[in-house]
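Student: Below you'll find upload29.cif; it's mmCIF, C-alpha atoms.
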data_start
#
loop_
_atom_site.label_atom_id
_atom_site.label_comp_id
_atom_site.auth_asym_id
_atom_site.auth_seq_id
_atom_site.Cartn_x
_atom_site.Cartn_y
_atom_site.Cartn_z
CA MET A 168 134.25 140.39 54.61
CA ASN A 169 133.63 141.65 51.09
CA MET A 170 136.40 144.20 50.51
CA ARG A 171 134.98 145.53 47.23
CA LEU A 172 131.65 146.32 48.83
CA LEU A 173 133.41 147.87 51.82
CA VAL A 174 135.59 150.14 49.67
CA LEU A 175 132.60 151.11 47.50
CA GLY A 176 130.50 151.88 50.56
CA LEU A 177 133.23 153.96 52.19
CA ASN A 178 133.83 155.93 48.98
CA ILE A 179 130.13 156.66 48.62
CA LEU A 180 130.03 157.75 52.28
CA VAL A 181 132.96 160.14 51.85
CA VAL A 182 131.59 161.69 48.64
CA SER A 183 128.10 162.08 50.06
CA ILE A 184 129.41 163.72 53.25
CA LEU A 185 131.30 166.23 51.08
CA LEU A 186 128.11 166.81 49.08
CA VAL A 187 126.18 167.39 52.31
CA VAL A 188 128.69 170.02 53.39
CA TYR A 189 128.55 171.63 49.93
CA GLY A 190 124.75 171.58 49.95
CA ILE A 191 124.65 173.27 53.37
CA LEU A 192 127.15 175.91 52.23
CA ILE A 193 125.18 176.84 49.10
CA GLY A 194 121.86 176.53 50.92
CA ASP A 195 120.32 173.89 48.63
CA ASN A 196 118.25 171.59 50.86
CA GLY A 197 117.40 169.36 47.92
CA LEU A 198 121.07 168.60 47.37
CA VAL A 199 121.52 167.97 51.10
CA GLY A 200 118.63 165.49 50.97
CA ILE A 201 120.11 163.70 47.96
CA ALA A 202 123.53 163.55 49.63
CA LEU A 203 122.09 162.22 52.90
CA SER A 204 120.16 159.62 50.96
CA THR A 205 123.34 158.60 49.19
CA SER A 206 125.23 158.42 52.48
CA ILE A 207 122.61 155.94 53.78
CA ILE A 208 123.26 153.81 50.69
CA GLY A 209 127.00 153.96 51.50
CA GLY A 210 126.33 152.97 55.10
CA VAL A 211 124.16 150.02 54.01
CA LEU A 212 126.90 148.82 51.66
CA VAL A 213 129.49 149.03 54.44
CA VAL A 214 127.28 147.00 56.79
CA TYR A 215 126.47 144.38 54.18
CA SER A 216 130.16 144.03 53.34
CA THR A 217 130.54 142.43 56.78
CA THR A 218 128.13 139.56 56.03
CA PRO A 219 129.83 136.18 55.56
CA GLN A 220 130.69 135.25 52.02
CA ASP A 221 129.97 132.12 50.02
CA PRO A 222 133.51 130.63 50.16
CA SER A 223 133.17 129.68 53.85
CA ILE A 224 129.99 127.72 53.14
CA THR A 225 131.52 126.17 50.02
CA ALA A 226 134.52 125.07 52.09
CA LEU A 227 132.24 123.58 54.74
CA MET A 228 130.29 121.75 52.03
CA SER A 229 133.45 120.31 50.47
CA TYR A 230 134.73 119.24 53.86
CA SER A 231 131.37 117.64 54.74
CA GLU A 232 131.25 115.76 51.42
CA ILE A 233 134.76 114.35 51.81
CA LEU A 234 134.27 113.47 55.47
CA THR A 235 130.88 111.86 54.89
CA ASN A 236 132.09 109.70 52.00
CA ALA A 237 135.17 108.53 53.89
CA ILE A 238 133.46 107.86 57.19
CA ILE A 239 130.30 106.14 55.97
CA SER A 240 132.18 103.32 54.23
CA THR A 241 134.35 102.79 57.33
CA LEU A 242 131.32 102.79 59.61
CA GLU A 243 129.59 100.25 57.37
CA ASP A 244 132.61 97.92 57.53
CA LEU A 245 132.77 98.22 61.33
CA ASP A 246 129.01 97.87 61.76
CA LEU A 247 128.90 101.26 63.48
CA LEU A 248 126.10 102.91 61.48
CA GLU A 249 123.84 102.83 64.56
CA SER A 250 126.60 103.79 67.00
CA GLN A 251 126.91 106.45 69.67
CA ILE A 252 128.73 109.66 68.71
CA CYS A 253 130.85 111.54 71.18
CA VAL A 254 133.78 113.95 71.37
CA ILE A 255 136.52 113.11 73.84
CA LYS A 256 139.08 115.70 74.92
CA ARG A 257 142.71 114.72 75.20
CA GLY A 258 144.71 117.71 76.44
CA ASN A 259 144.64 120.28 73.65
CA HIS A 260 143.18 117.84 71.14
CA ALA A 261 139.80 116.23 70.67
CA LEU A 262 138.64 112.97 69.12
CA LEU A 263 135.32 112.36 67.39
CA VAL A 264 134.47 108.80 68.38
CA TYR A 265 131.91 106.40 66.92
CA SER A 266 131.36 103.45 69.19
CA LYS A 267 128.65 101.09 70.46
CA ASN A 268 129.74 101.98 74.02
CA PRO A 269 128.88 105.50 75.22
CA CYS A 270 131.98 107.67 75.76
CA PRO A 271 134.87 105.19 75.64
CA ILE A 272 137.63 107.27 77.18
CA GLU A 273 140.68 105.11 76.41
CA VAL A 274 140.73 105.28 72.62
CA ASP A 275 143.41 106.19 70.14
CA PRO A 276 143.00 107.94 66.77
CA GLY A 277 141.93 105.57 64.02
CA VAL A 278 140.18 102.24 64.21
CA GLY A 279 140.35 99.95 67.25
CA PHE A 280 138.55 97.88 69.84
CA THR A 281 137.49 98.87 73.33
CA SER A 282 135.46 96.78 75.79
CA GLY A 283 135.00 94.19 73.10
CA SER A 284 133.48 96.45 70.46
CA PRO A 285 134.98 98.41 67.57
CA TYR A 286 135.35 102.16 67.46
CA LEU A 287 136.36 104.83 64.96
CA ALA A 288 138.18 107.86 66.40
CA ILE A 289 138.92 110.90 64.24
CA PRO A 290 141.18 113.70 65.51
CA LEU A 291 139.51 117.12 65.50
CA LYS A 292 141.19 120.46 65.15
CA THR A 293 139.98 123.15 67.55
CA LEU A 294 138.25 125.72 65.39
CA ILE A 295 137.54 128.39 67.98
CA GLU A 296 139.18 129.89 71.01
CA PHE A 297 137.12 131.96 73.36
CA SER A 298 137.37 133.36 76.84
CA GLU A 299 135.07 132.26 79.60
CA SER A 300 133.24 134.63 81.88
CA SER A 301 132.64 133.57 85.46
CA SER A 302 129.19 135.18 85.39
CA GLU A 303 127.97 133.08 82.47
CA THR A 304 126.12 129.81 82.87
CA THR A 305 127.33 126.78 80.94
CA SER A 306 124.36 126.95 78.58
CA THR A 307 125.13 130.61 77.84
CA LEU A 308 128.77 129.71 77.20
CA LEU A 309 127.77 126.96 74.83
CA GLU A 310 125.31 129.22 73.04
CA ARG A 311 128.01 131.87 72.61
CA ALA A 312 130.48 129.30 71.28
CA LEU A 313 127.93 127.95 68.80
CA THR A 314 126.92 131.43 67.67
CA THR A 315 130.57 132.26 66.98
CA LEU A 316 131.13 129.05 65.08
CA LEU A 317 127.87 128.35 63.26
CA ILE A 318 126.69 131.88 62.52
CA GLU A 319 129.64 134.28 62.52
CA GLU A 320 132.27 131.90 61.17
CA TYR A 321 130.37 129.65 58.76
CA SER A 322 126.91 131.30 58.39
CA ALA A 323 125.52 127.79 58.60
CA CYS A 324 122.28 128.82 60.30
CA ARG A 325 120.16 131.80 61.29
CA SER A 326 120.02 131.33 65.07
CA VAL A 327 121.11 129.06 67.88
CA ARG A 328 119.49 128.53 71.28
CA VAL A 329 120.72 126.34 74.13
CA GLU A 330 118.70 125.14 77.12
CA GLU A 331 119.99 123.07 80.01
CA GLU A 332 117.61 120.46 81.41
CA GLY A 333 118.55 117.88 83.97
CA GLY A 334 122.22 117.66 83.01
CA PHE A 335 121.45 117.56 79.29
CA TYR A 336 121.82 120.42 76.82
CA ARG A 337 119.13 120.97 74.21
CA VAL A 338 120.62 122.81 71.26
CA TYR A 339 118.11 124.34 68.84
CA ILE A 340 119.65 125.30 65.49
CA ASN A 341 117.22 127.25 63.31
CA GLY A 342 117.34 128.51 59.74
CA LEU A 343 119.55 125.82 58.26
CA ILE A 344 121.31 126.39 54.96
CA GLU A 345 119.74 124.47 52.07
CA VAL A 346 123.02 123.03 50.78
CA LEU A 347 123.90 121.52 54.17
CA LYS A 348 120.48 119.95 54.83
CA GLN A 349 121.40 116.99 52.59
CA TYR A 350 123.84 115.79 55.27
CA LEU A 351 121.35 115.75 58.15
CA GLU A 352 120.19 112.19 57.58
CA LYS A 353 123.74 110.84 57.27
CA PRO A 354 125.81 109.42 60.16
CA ILE A 355 127.99 112.56 60.12
CA ASP A 356 126.63 116.02 59.51
CA PRO A 357 128.38 119.39 59.95
CA TYR A 358 125.87 120.67 62.52
CA THR A 359 126.33 117.72 64.87
CA LEU A 360 130.09 117.74 64.42
CA LEU A 361 130.49 121.46 65.06
CA THR A 362 128.05 121.38 68.00
CA LEU A 363 129.84 118.51 69.72
CA MET A 364 133.19 120.19 69.17
CA ALA A 365 131.96 123.53 70.52
CA ALA A 366 130.40 121.74 73.51
CA SER A 367 133.66 119.96 74.35
CA ILE A 368 135.43 123.36 74.39
CA ALA A 369 132.76 125.40 76.15
CA LEU A 370 131.78 122.87 78.80
CA THR A 371 135.37 121.95 79.84
CA THR A 372 134.37 118.36 80.16
CA ARG A 373 136.24 115.26 79.09
CA CYS A 374 133.47 113.79 76.98
CA VAL A 375 130.32 115.07 75.35
CA ARG A 376 127.99 112.69 73.58
CA LEU A 377 125.04 113.04 71.25
CA VAL A 378 122.00 111.67 73.04
CA ASP A 379 119.38 112.44 70.42
CA LYS A 380 118.98 114.27 67.12
CA ARG A 381 115.61 115.50 65.84
CA ILE A 382 115.40 116.86 62.33
CA MET A 383 112.70 119.38 61.39
CA PRO A 384 112.08 121.10 58.02
CA ASP A 385 114.21 124.17 58.73
CA SER A 386 115.81 123.37 62.06
CA ILE A 387 117.49 120.67 64.09
CA LEU A 388 117.41 119.79 67.78
CA LEU A 389 120.50 118.16 69.27
CA ILE A 390 120.40 116.79 72.80
CA ILE A 391 123.87 116.57 74.28
CA GLY A 392 124.95 114.72 77.39
CA VAL A 393 128.06 115.50 79.38
CA GLU A 394 130.26 112.90 81.06
CA HIS A 395 133.42 112.96 83.18
CA SER A 396 134.25 116.58 84.10
CA ALA A 397 137.82 117.47 83.13
CA GLU A 398 140.47 118.18 85.71
CA LYS A 399 142.01 121.61 85.39
CA THR A 400 145.69 121.55 84.44
CA MET B 1170 123.40 133.72 48.94
CA GLN B 1171 125.70 136.20 47.22
CA LYS B 1172 123.27 136.55 44.29
CA ARG B 1173 120.45 137.37 46.65
CA LEU B 1174 122.56 139.99 48.40
CA ASN B 1175 123.57 141.58 45.07
CA LEU B 1176 119.95 141.68 44.00
CA LEU B 1177 118.96 143.31 47.28
CA ILE B 1178 121.60 146.02 46.92
CA THR B 1179 120.75 146.64 43.25
CA THR B 1180 117.02 146.88 43.92
CA TYR B 1181 117.52 149.16 46.92
CA THR B 1182 119.85 151.45 44.97
CA LEU B 1183 117.47 151.62 41.98
CA LEU B 1184 114.48 152.43 44.18
CA THR B 1185 116.46 155.10 46.01
CA VAL B 1186 117.72 156.71 42.79
CA ILE B 1187 114.20 156.82 41.31
CA SER B 1188 112.70 158.31 44.47
CA VAL B 1189 115.48 160.84 44.97
CA ILE B 1190 115.40 162.06 41.35
CA SER B 1191 111.60 162.29 41.43
CA LEU B 1192 111.68 164.33 44.63
CA TYR B 1193 114.35 166.71 43.32
CA VAL B 1194 112.53 167.25 40.01
CA LEU B 1195 109.33 168.01 41.95
CA GLY B 1196 111.27 170.63 43.87
CA GLU B 1197 111.11 168.96 47.28
CA LYS B 1198 113.27 170.86 49.79
CA ARG B 1199 112.60 168.93 53.00
CA VAL B 1200 115.64 166.79 53.82
CA ASP B 1201 113.69 164.33 55.99
CA VAL B 1202 111.50 163.33 53.02
CA TYR B 1203 114.57 162.14 51.11
CA VAL B 1204 115.82 160.21 54.13
CA SER B 1205 112.47 158.60 54.97
CA LEU B 1206 111.85 157.50 51.36
CA ASN B 1207 115.35 156.03 51.29
CA ILE B 1208 114.63 154.03 54.43
CA LEU B 1209 111.30 152.86 52.97
CA ALA B 1210 113.10 151.75 49.81
CA TYR B 1211 115.53 149.78 51.96
CA TYR B 1212 112.77 148.02 53.89
CA VAL B 1213 110.80 147.21 50.73
CA SER B 1214 113.94 145.69 49.17
CA TYR B 1215 114.79 143.87 52.39
CA ALA B 1216 111.27 142.48 52.80
CA THR B 1217 111.12 141.10 49.25
CA LEU B 1218 114.75 139.97 48.90
CA ARG B 1219 115.70 139.13 52.46
CA PRO B 1220 119.23 137.66 52.63
CA THR B 1221 119.51 134.07 53.83
CA ILE B 1222 121.87 134.88 56.64
CA ILE B 1223 122.07 138.17 58.51
CA ASN B 1224 124.63 139.04 61.12
CA ARG B 1225 124.58 141.33 64.12
CA ALA B 1226 125.63 144.39 62.09
CA VAL B 1227 122.69 144.01 59.71
CA ARG B 1228 120.26 143.63 62.62
CA PHE B 1229 121.70 146.77 64.20
CA LEU B 1230 121.34 148.62 60.88
CA ASN B 1231 117.68 147.57 60.59
CA ILE B 1232 116.95 148.78 64.11
CA ALA B 1233 118.83 152.07 63.60
CA LEU B 1234 117.02 152.86 60.34
CA PHE B 1235 113.69 152.03 61.94
CA ILE B 1236 114.42 154.40 64.82
CA VAL B 1237 115.38 157.20 62.41
CA PHE B 1238 112.22 156.62 60.37
CA THR B 1239 110.08 156.63 63.50
CA ILE B 1240 111.61 159.90 64.66
CA ILE B 1241 110.99 161.54 61.27
CA VAL B 1242 107.38 160.36 61.10
CA SER B 1243 106.71 161.33 64.74
CA PHE B 1244 108.13 164.80 64.09
CA ARG B 1245 105.89 165.29 61.05
CA ILE B 1246 102.80 164.05 62.90
CA TYR B 1247 103.63 166.43 65.73
CA GLU B 1248 103.94 169.28 63.23
CA VAL B 1249 100.54 168.45 61.72
CA LEU B 1250 98.87 168.20 65.11
CA THR B 1251 100.28 171.46 66.40
CA SER B 1252 99.74 173.49 63.21
#
Spell out the structure here as structure tokens.
Tutor:
Amino acid sequence: MNMRLLVLGLNILVVSILLVVYGILIGDNGLVGIALSTSIIGGVLVVYSTTPQDPSITALMSYSEILTNAIISTLEDLDLLESQICVIKRGNHALLVYSKNPCPIEVDPGVGFTSGSPYLAIPLKTLIEFSESSSETTSTLLERALTTLLIEEYSACRSVRVEEEGGFYRVYINGLIEVLKQYLEKPIDPYTLLTLMAASIALTTRCVRLVDKRIMPDSILLIIGVEHSAEKT
Amino acid sequence: MQKRLNLLITTYTLLTVISVISLYVLGEKRVDVYVSLNILAYYVSYATLRPTIINRAVRFLNIALFIVFTIIVSFRIYEVLTS
């Protein structure tokens, strides 16, 4: 929230409301019109003060740059550039796992071997908490989680749509930010990472994996598969 | 993104100030004319300098201003038709 814009907008609103009252009292409709017009400007400023600011996107960019640089060199050394990506839930924590095997459950943070092939597991911090509604479908839940994270929190895109089809979730992310598009072709990109993390929270499943990623000029389609439903504790 | 938003607000404010001063100098006494020109100025600014990301509050504002503008125009058309 932009506090300066909010304070300016509120001040303009207050002054214009006083002017409206004054204009009505002295019977000058022109002044009332000017004051009402000014109050609309104040209202617009108040609304636009709620739009997300640049620092959240800058922070996401910095984080993406650091993560990408660190992970790509490790993935190259482990021959995991063409690996499967999944998020595995472990209690209150989650692990982003790169592995040749889909959804290796028994992995520890860091680098290791499972079923004869290497993996890279990175601990993830839960970025959102939200309450479930029994009347919502899983795709609606996921869409709500992604809207909270990608749009309201980071302003990373213009809209998100989720469709469920045969056990898979098709996530359409439209209106991508220019500065984040550079990461789309890399093994790790903020949209995939945030989507997998939101899916692991919203779908209450032990493992979610990226099945396919299709990049378009101003949007991205992520197809997510779900494995091993979590037991409620 | 912030630059675009600042430009939108500056343009909208300038257009509104010019229209409001012009109307007052011309002796316009109808309040709805001021309001409708203000809303038009907002939509012209928004259409040419649309922010990259808009949230729910901005969408609601756009809808609310459109409804107000529609009501004003409908009222004026009704006045013309019944006069």
Student: As a check of understanding, name the residues that the PyMOL selection byres ((chain B) within 10 of (chain A)) selects in the supplied structure, as a PDB file with C-alpha atoms, keeping the file's coordinate frame.
Tutor:
ATOM      1  CA  MET B1170     123.400 133.720  48.940  1.00  0.00           C
ATOM      2  CA  GLN B1171     125.700 136.200  47.220  1.00  0.00           C
ATOM      3  CA  LYS B1172     123.270 136.550  44.290  1.00  0.00           C
ATOM      4  CA  LEU B1174     122.560 139.990  48.400  1.00  0.00           C
ATOM      5  CA  ASN B1175     123.570 141.580  45.070  1.00  0.00           C
ATOM      6  CA  ILE B1178     121.600 146.020  46.920  1.00  0.00           C
ATOM      7  CA  TYR B1181     117.520 149.160  46.920  1.00  0.00           C
ATOM      8  CA  THR B1182     119.850 151.450  44.970  1.00  0.00           C
ATOM      9  CA  THR B1185     116.460 155.100  46.010  1.00  0.00           C
ATOM     10  CA  VAL B1186     117.720 156.710  42.790  1.00  0.00           C
ATOM     11  CA  SER B1188     112.700 158.310  44.470  1.00  0.00           C
ATOM     12  CA  VAL B1189     115.480 160.840  44.970  1.00  0.00           C
ATOM     13  CA  ILE B1190     115.400 162.060  41.350  1.00  0.00           C
ATOM     14  CA  LEU B1192     111.680 164.330  44.630  1.00  0.00           C
ATOM     15  CA  TYR B1193     114.350 166.710  43.320  1.00  0.00           C
ATOM     16  CA  VAL B1194     112.530 167.250  40.010  1.00  0.00           C
ATOM     17  CA  GLY B1196     111.270 170.630  43.870  1.00  0.00           C
ATOM     18  CA  GLU B1197     111.110 168.960  47.280  1.00  0.00           C
ATOM     19  CA  LYS B1198     113.270 170.860  49.790  1.00  0.00           C
ATOM     20  CA  ARG B1199     112.600 168.930  53.000  1.00  0.00           C
ATOM     21  CA  VAL B1200     115.640 166.790  53.820  1.00  0.00           C
ATOM     22  CA  ASP B1201     113.690 164.330  55.990  1.00  0.00           C
ATOM     23  CA  VAL B1202     111.500 163.330  53.020  1.00  0.00           C
ATOM     24  CA  TYR B1203     114.570 162.140  51.110  1.00  0.00           C
ATOM     25  CA  VAL B1204     115.820 160.210  54.130  1.00  0.00           C
ATOM     26  CA  SER B1205     112.470 158.600  54.970  1.00  0.00           C
ATOM     27  CA  LEU B1206     111.850 157.500  51.360  1.00  0.00           C
ATOM     28  CA  ASN B1207     115.350 156.030  51.290  1.00  0.00           C
ATOM     29  CA  ILE B1208     114.630 154.030  54.430  1.00  0.00           C
ATOM     30  CA  TYR B1211     115.530 149.780  51.960  1.00  0.00           C
ATOM     31  CA  PRO B1220     119.230 137.660  52.630  1.00  0.00           C
ATOM     32  CA  THR B1221     119.510 134.070  53.830  1.00  0.00           C
ATOM     33  CA  ILE B1222     121.870 134.880  56.640  1.00  0.00           C
ATOM     34  CA  ILE B1223     122.070 138.170  58.510  1.00  0.00           C
ATOM     35  CA  ASN B1224     124.630 139.040  61.120  1.00  0.00           C
ATOM     36  CA  ARG B1225     124.580 141.330  64.120  1.00  0.00           C
ATOM     37  CA  ALA B1226     125.630 144.390  62.090  1.00  0.00           C
ATOM     38  CA  VAL B1227     122.690 144.010  59.710  1.00  0.00           C
ATOM     39  CA  ARG B1228     120.260 143.630  62.620  1.00  0.00           C
ATOM     40  CA  PHE B1229     121.700 146.770  64.200  1.00  0.00           C
ATOM     41  CA  LEU B1230     121.340 148.620  60.880  1.00  0.00           C
ATOM     42  CA  ASN B1231     117.680 147.570  60.590  1.00  0.00           C
ATOM     43  CA  LEU B1234     117.020 152.860  60.340  1.00  0.00           C
TER      44      LEU B1234
END
Student: At a cut-off of 9 Å around the point (127.5, 119.3, 80.4) (file coordinates), what residues fall inside when counting only C-alpha atoms? I'd like the answer as a VMD selection string.
Tutor: chain A and resid 305 to 306 331 334 to 336 366 to 367 370 to 372 374 to 375 391 to 394 396
Student: For a quick check of your reading of the model, name the residues lying within 9 Å of the coordinate (139.5, 117.7, 76.1), counting all atoms listed in the file, and write them as a list in words.
Tutor: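 Within the cut-off we find Val254, Ile255, Lys256, Arg257, Gly258, Asn259, His260, Ala261, Leu262, Ser367, Ile368, Thr371, Thr372, Arg373, Cys374 and Ala397 of chain A.
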Student: Between CA of Gly283 in chain A and CA of Leu245 in chain A, what distance in Å does the model show, to one decimal?
Tutor: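 According to the coordinates, CA of Gly283 in chain A and CA of Leu245 in chain A are separated by 12.6 Å.
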Student: Distance CA of Cys253 in chain A-CA of Leu377 in chain A, one decimal place?
Tutor: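 Separation between CA of Cys253 in chain A and CA of Leu377 in chain A: 6.0 Å.
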Student: From the set A:Glu330, A:Glu320, A:Asp246, A:Glu232, which residue has the shortest atom-to-atom contact distance to Leu389 in chain A, counting only C-alpha atoms?
Tutor: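 Nearest candidate to Leu389 in chain A out of A:Glu330, A:Glu320, A:Asp246, A:Glu232: A:Glu330.
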Student: Between CA of Pro357 in chain A and CA of Val327 in chain A, what distance in Å does the model show, to one decimal?
Tutor: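 We find that CA of Pro357 in chain A and CA of Val327 in chain A lie 14.5 Å from each other.
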Student: Let me know the residues the PyMOL selection byres ((chain A and resi 273) around 12) catches in the file above, as JSON, numbers by chain.
Tutor: {"A": [255, 256, 257, 262, 264, 266, 268, 269, 270, 271, 272, 274, 275, 276, 279, 280, 281, 282, 286, 288, 373, 374]}
Student: Taking all listed atoms of range 345-350 of chain A, build the axis-aligned box, pad each of the six sides by 5 Å, then write its centre and edge lengths in Å to one decimal as JSON.
Tutor:
{"center_x": 121.8, "center_y": 120.1, "center_z": 53.0, "size_x": 14.2, "size_y": 18.7, "size_z": 14.5}
Student: Of the candidates A:Asp244, A:Thr315, A:Gly209, A:Ala369, which one gets nearest to Asn178 in chain A if we count only C-alpha atoms?
Tutor: A:Gly209
Student: Pick the closest to Leu287 in chain A from A:Leu175, A:Leu242, A:Ile382, A:Ala226: which is it, counting only C-alpha atoms?
Tutor: A:Leu242
Student: Quick one: residues within 10 Å of Leu351 in chain A, all atoms listed in the file, excluding same-chain residues fewer than 2 positions away - as a compact mmCIF listing (two decimals) with C-alpha atoms, in the coordinates of the input?
Tutor:
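Okay, this is what ended up in result.txt:
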# COMPACT_ATOMS: atom_id res chain seq x y z
CA LEU A 347 123.90 121.52 54.17
CA LYS A 348 120.48 119.95 54.83
CA GLN A 349 121.40 116.99 52.59
CA LYS A 353 123.74 110.84 57.27
CA PRO A 354 125.81 109.42 60.16
CA ILE A 355 127.99 112.56 60.12
CA ASP A 356 126.63 116.02 59.51
CA PRO A 357 128.38 119.39 59.95
CA TYR A 358 125.87 120.67 62.52
CA THR A 359 126.33 117.72 64.87
CA LYS A 380 118.98 114.27 67.12
CA ARG A 381 115.61 115.50 65.84
CA ILE A 382 115.40 116.86 62.33
CA MET A 383 112.70 119.38 61.39
CA ILE A 387 117.49 120.67 64.09
Student: Write out as a list in words each polymer residue whose atoms come within 7 Å of range 1216-1218 of chain B, counting all atoms listed in the file; drop sequence neighbours fewer than 2 positions from it.
Tutor: Arg1173, Leu1177, Tyr1212, Val1213, Ser1214 and Pro1220 of chain B
Student: Using all atoms listed in the file, which of the listed residues (A:Ala365, A:Glu303, A:Leu186, A:Val329) sits closest to Leu317 in chain A?
Tutor: A:Ala365
Student: With all atoms listed in the file as the atoms that count, which of A:Leu185, A:Val338, A:Leu247, A:Leu291 lies nearest to Leu360 in chain A?
Tutor: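 Of the candidates, the smallest distance to Leu360 in chain A is held by A:Leu291.
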